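> One structure is given below, represented as structure tokens, and several questions about it will come after.
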Amino acid sequence: MTIILGAIFLLILFSAFFSGSETALTAASRPLMHQLEQSGEDSRAGIVNRLLDSKERLIGAILLGNNLVNILASALATSVMIEMFGETGVVWATLTMTVVVLIFAEIMPKTFAIQNANRMALAIAPIMKVLVYLLAPITMTTQFIVAGTLRLFGAGQSEDGGQSAEELRGAINLHDAQNDEAISQERTMLHSILDLNEVEVGEIMTHRKAVVMIDADLPAEEMVEQVLDSPFTRIPVYRGEPDNIIGILHAKALLRAIRAQRGELTELKIEELAAKTWFIPEATTLLGQLEAFRARREHFAVVVDEYGSVMGIVTLEDILEEIVGDIEDEHDDTVEGVQPQADGTYIVDGVVTIRDLNREFEWRLPDEEASTIAGLLLHEARRIPEVGQIFHFFGFRFEVRARKRNQITSIRVFPPESD
């Protein structure tokens with residue numbers, strides 16, 4: 001009797017080990033294990049990763065071991081109870097083993113494993129590696145039977161083809177810390193990186209109306225003055241009309257030429273100093289353009305539409321700002337495009353982009369049909385509104401404050417909280 005009770009106790013411990021191992025290995029952090037393996041900090045992390053790479057074999061071995069010890073423990077307990085209470089011993093054995101297995105072999109080890117998943121996964125990995133190897137013939141046979149049975153019912157193979165972008169977004173959102181500004185900024189940056197292949201340069205470019213250009217037919221002295229007055233180092237040069245861009249003038253190239261001419265500006269030939277213009281379509285994705293900037297070792301491109309008309313410019317800094325936020329230096333002109341009001345509303349210039357507003361205030365205004373707040377209002381209104389008109393879209397309220405010809409220049413935005 002004592003030997004049988006000791007065997008039951010030992011089998012319950014084995015059952016707890018298998019239950020806890022299953023939870024620990026499935027709940028362990030794959031990124032952490034990958035990092036530990038790559039850095040060489042813990043060789044056991046490599047074992048964990050190999051076990052998780054063959055998850056079906058791992059789960060099969062754990063379930064096989066767990067069911068084996070549970071059934072054997074129940075059988076031994078039933079024999080003891082029958083010897084003590086006769087036929088009613090079957091009932092007592094069922095009730096007793098259910099409680100014991102549920103508490104000590106399931107809930108307790110799995111709770112501990114969830115709370116200490118990474119540490120426990122590293123600890124039991126070498127043991128599980130041996131068990132998976134020893135039980136491989138049986139688990140492979142059961143997997144073959146299961147796969148064949150599933151095919152009979154029309155079940156396909158696993159759809160798990162790796163972590164998708166949406167899964168990554170969900171994982172990023174799980175680390176939500178509303179009161180931690182640093183983590184919030186990191187979360188925004190990670191979202192922006194995932195968006196690079198979905199956002200087109202036409203959505204972030206500097207519109208042609210805001211682009212500083214130089215007329216190649218102006219006197220050299222006047223062109224130099226314009227370059228010196230501009231906060232930019234690269235300036236498009238056009239002839240005749242702004243659509244006819246003949247090159248991109250770099251301020252450094254201009255300064256070198258002035259030094260070579262010993263200050264004689266009349267001998268300067270700006271057109272010869274300008275670099276060749278790089279034209280790109282407005283439908284180019286930010287990821288594609290970022291890779292193109294790196295490949296060509298350039299920082300500046302002119303955006304054109306399908307008809308070849310100049311739409312604006314995009315720079316490497318523009319793309320980087322989509323990831324890290326605005327980058328300002330001592331030469332940047334600070335433009336207050338958004339003015340928070342005491343009543344919780346915002347006065348927004350019409351040219352402010354929807355992406356900037358969503359990033360800054362964590363709004364969810366759609367940017368598929370329009371890139372600026374004025375464009376969104378025009379698209380939703382289906383007409384050119386008058387000053388003072390108010391529109392309700394997407395839970396927001398928009399009041400037109402100013403208009404110049406057919407262009408909306410200022411809008412008061414009432415977020416949902418202020419509506």
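Following the order of the structure tokens, first chain is A, next is B, and so on, with residues numbered from 1 inside each chain and ligands from 1 in the order they appear.
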Which residues come within 8 Å of segment 76-83 of chain A, counting only C-alpha atoms, excluding same-chain residues fewer than 2 positions away, as a list in words?

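So the residues in contact are Met1, Ile4, Leu5, Ile8, Leu72, Ala73, Ser74, Phe85, Gly86, Glu87, Thr88, Gly89, Val90, Trp92, Ala93, Thr94 and Met97 of chain A.
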
> Which residues are close to Thr409 of chain A, i.e. within 10 Å by only C-alpha atoms, leaving aside same-chain residues fewer than 5 positions away? Reply as a ChimeraX atom specification.

/A:348-352,373-374,400-404

> Could you please take those selected residues and save N, CA and C atoms as a PDB file, in the first residue's frame?


ATOM      1  N   VAL A 348      -6.404  74.980 -37.045  1.00  0.00           N
ATOM      2  CA  VAL A 348      -5.465  74.234 -37.875  1.00  0.00           C
ATOM      3  C   VAL A 348      -5.383  74.869 -39.258  1.00  0.00           C
ATOM      4  N   ASP A 349      -4.162  75.096 -39.726  1.00  0.00           N
ATOM      5  CA  ASP A 349      -3.982  75.561 -41.099  1.00  0.00           C
ATOM      6  C   ASP A 349      -4.426  74.475 -42.067  1.00  0.00           C
ATOM      7  N   GLY A 350      -4.988  74.883 -43.191  1.00  0.00           N
ATOM      8  CA  GLY A 350      -5.512  73.910 -44.142  1.00  0.00           C
ATOM      9  C   GLY A 350      -4.476  72.972 -44.716  1.00  0.00           C
ATOM     10  N   VAL A 351      -3.201  73.412 -44.739  1.00  0.00           N
ATOM     11  CA  VAL A 351      -2.153  72.589 -45.363  1.00  0.00           C
ATOM     12  C   VAL A 351      -1.549  71.575 -44.399  1.00  0.00           C
ATOM     13  N   VAL A 352      -1.956  71.588 -43.137  1.00  0.00           N
ATOM     14  CA  VAL A 352      -1.435  70.611 -42.176  1.00  0.00           C
ATOM     15  C   VAL A 352      -1.901  69.219 -42.578  1.00  0.00           C
ATOM     16  N   ILE A 373      -5.741  68.368 -43.998  1.00  0.00           N
ATOM     17  CA  ILE A 373      -7.022  68.532 -43.310  1.00  0.00           C
ATOM     18  C   ILE A 373      -8.018  69.281 -44.194  1.00  0.00           C
ATOM     19  N   ALA A 374      -7.529  70.251 -44.990  1.00  0.00           N
ATOM     20  CA  ALA A 374      -8.426  70.953 -45.913  1.00  0.00           C
ATOM     21  C   ALA A 374      -8.920  70.015 -47.003  1.00  0.00           C
ATOM     22  N   VAL A 400     -15.153  76.038 -40.795  1.00  0.00           N
ATOM     23  CA  VAL A 400     -14.308  76.757 -41.739  1.00  0.00           C
ATOM     24  C   VAL A 400     -14.127  78.181 -41.233  1.00  0.00           C
ATOM     25  N   ARG A 401     -12.867  78.554 -40.984  1.00  0.00           N
ATOM     26  CA  ARG A 401     -12.584  79.883 -40.439  1.00  0.00           C
ATOM     27  C   ARG A 401     -12.108  80.856 -41.515  1.00  0.00           C
ATOM     28  N   ALA A 402     -11.396  80.376 -42.521  1.00  0.00           N
ATOM     29  CA  ALA A 402     -10.865  81.283 -43.546  1.00  0.00           C
ATOM     30  C   ALA A 402     -10.725  80.531 -44.855  1.00  0.00           C
ATOM     31  N   ARG A 403     -10.922  81.298 -45.950  1.00  0.00           N
ATOM     32  CA  ARG A 403     -10.804  80.715 -47.284  1.00  0.00           C
ATOM     33  C   ARG A 403     -10.196  81.754 -48.218  1.00  0.00           C
ATOM     34  N   LYS A 404      -9.276  81.285 -49.052  1.00  0.00           N
ATOM     35  CA  LYS A 404      -8.655  82.163 -50.044  1.00  0.00           C
ATOM     36  C   LYS A 404      -8.969  81.600 -51.415  1.00  0.00           C
TER      37      LYS A 404
END

> Please measure the separation of atom CA of Asn66 of chain A and atom CA of Leu95 of chain A, giving the value in Å to one decimal.

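Rounded to one decimal, the two atoms are 19.1 Å apart.
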
> Near Val324 of chain A, within 9 Å and counting only C-alpha atoms, which residues show up once chain neighbours fewer than 4 positions away are dropped, as a list in words?

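Using only C-alpha atoms, the neighbours found are Gln185, Glu186, Thr188, Met189, Ser192 and Leu320 of chain A.
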
> Can you tell me, as a list in words, what residues are no more than 9 Å from Ile138 of chain A when counting only C-alpha atoms, ignoring any on the same chain fewer than 5 positions away?

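Here the answer would be Gly60, Ala61, Leu64 and Gln143 of chain A.
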
> Would you pick out the contacts of segment 15-17 of chain A at 7 Å or less, using only C-alpha atoms, so that residues sharing its chain but fewer than 2 positions from it are not included, and give the list as a list in words?

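My reading of the contact set: Leu11, Ile12, Leu13, Ser19, Gly20, Ser21, Asn66, Val69, Asn70, Phe104, Ala105, Glu106 and Pro109 of chain A.
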
> Keeping only C-alpha atoms, write the selected residues to a file as a PDB file, in the first residue's frame.


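Once written, again26.pdb looks like this:
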ATOM      1  CA  LEU A  11       3.157  10.366 -10.809  1.00  0.00           C
ATOM      2  CA  ILE A  12       1.338  13.539  -9.663  1.00  0.00           C
ATOM      3  CA  LEU A  13       4.708  15.316  -9.570  1.00  0.00           C
ATOM      4  CA  SER A  19       1.581  20.687 -17.273  1.00  0.00           C
ATOM      5  CA  GLY A  20       3.957  23.420 -16.154  1.00  0.00           C
ATOM      6  CA  SER A  21       6.368  22.676 -19.012  1.00  0.00           C
ATOM      7  CA  ASN A  66       1.001  13.888 -19.164  1.00  0.00           C
ATOM      8  CA  VAL A  69       1.144   9.533 -15.816  1.00  0.00           C
ATOM      9  CA  ASN A  70      -2.393  10.797 -15.131  1.00  0.00           C
ATOM     10  CA  PHE A 104      -1.700  20.052  -7.799  1.00  0.00           C
ATOM     11  CA  ALA A 105      -1.071  18.839 -11.362  1.00  0.00           C
ATOM     12  CA  GLU A 106      -2.865  21.518 -13.414  1.00  0.00           C
ATOM     13  CA  PRO A 109       2.011  24.331 -11.880  1.00  0.00           C
TER      14      PRO A 109
END

> Would you compute the distance between atom CA of Met213 of chain A and atom CA of Pro236 of chain A? Give it in Å to one decimal.

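For atom CA of Met213 of chain A relative to atom CA of Pro236 of chain A, the distance reads 5.1 Å.
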
> Write out as a list of chain:residue names each polymer residue whose atoms come within 10 Å of Thr315 of chain A, counting only C-alpha atoms; drop sequence neighbours fewer than 5 positions from it.

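Non-adjacent residues within range: A:Val201, A:Ile204, A:Met205, A:Thr206, A:Arg234, A:Gln289, A:Leu290, A:Phe293, A:Glu298, A:His299, A:Phe300, A:Ala301, A:Val302, A:Leu320, A:Glu321.
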
> Identify which of the residues A:Ser410, A:Gly388, A:Val237, A:Leu32 lies closest to Lys276 of chain A, counting only C-alpha atoms when measuring atom-to-atom distances.

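Between A:Ser410, A:Gly388, A:Val237, A:Leu32, the residue approaching Lys276 of chain A most closely is A:Val237.
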
> Can you check which residues of segment 242-388 of chain A DSSP gives as helix (DSSP H, G or I) on the backbone and send them as a ChimeraX atom specification?

/A:251-260,265-267,270-273,286-296,316-324,354-361,373-381

> What are the nearest atom pairs, with distances in Å to one decimal, for all residues of segment 208-230 of chain A that come at most 10 Å from segment 246-251 of chain A, using only C-alpha atoms, set out by chain and rising residue number as a Markdown table?


| residue | atom | partner | partner_atom | distance |
| --- | --- | --- | --- | --- |
| A:Met213 | CA | A:Ile248 | CA | 9.3 |
| A:Ile214 | CA | A:Leu249 | CA | 8.9 |
| A:Asp215 | CA | A:Ile246 | CA | 9.9 |
| A:Ala216 | CA | A:Ile246 | CA | 8.5 |
| A:Val224 | CA | A:Ala251 | CA | 9.1 |
| A:Val227 | CA | A:Ala251 | CA | 6.9 |
| A:Leu228 | CA | A:Ala251 | CA | 8.2 |
| A:Ser230 | CA | A:Ala251 | CA | 9.7 |

> I'd like the contact shell of Arg208 of chain A - 12 Å cut-off, only C-alpha atoms, skipping same-chain residues fewer than 2 positions apart - returned as a VMD selection string.

chain A and resid 202 205 to 206 210 to 213 236 242 to 243 245 302 to 305 309 to 314 351

> Which residue out of A:Ala342, A:Leu135, A:Ala370, A:Ala147 has the minimum interatomic distance to Phe414 of chain A when only C-alpha atoms are used?

A:Ala342

> Pick the closest to Ala121 of chain A from A:Leu51, A:Leu365, A:Val387, A:Val99: which is it, counting only C-alpha atoms?

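Among the listed residues, the smallest separation from Ala121 of chain A belongs to A:Leu51.
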
> Between A:Ile384, A:Val199, A:Leu63, A:Leu287, which one has atoms that come closest to Glu368 of chain A, using only C-alpha atoms?

A:Val199

> Please give the complete set of residues from segment 333-376 of chain A that DSSP, run on the backbone, assigns to strand (DSSP E), formatted as a PyMOL selection string.

chain A and resi 338-340+346-349
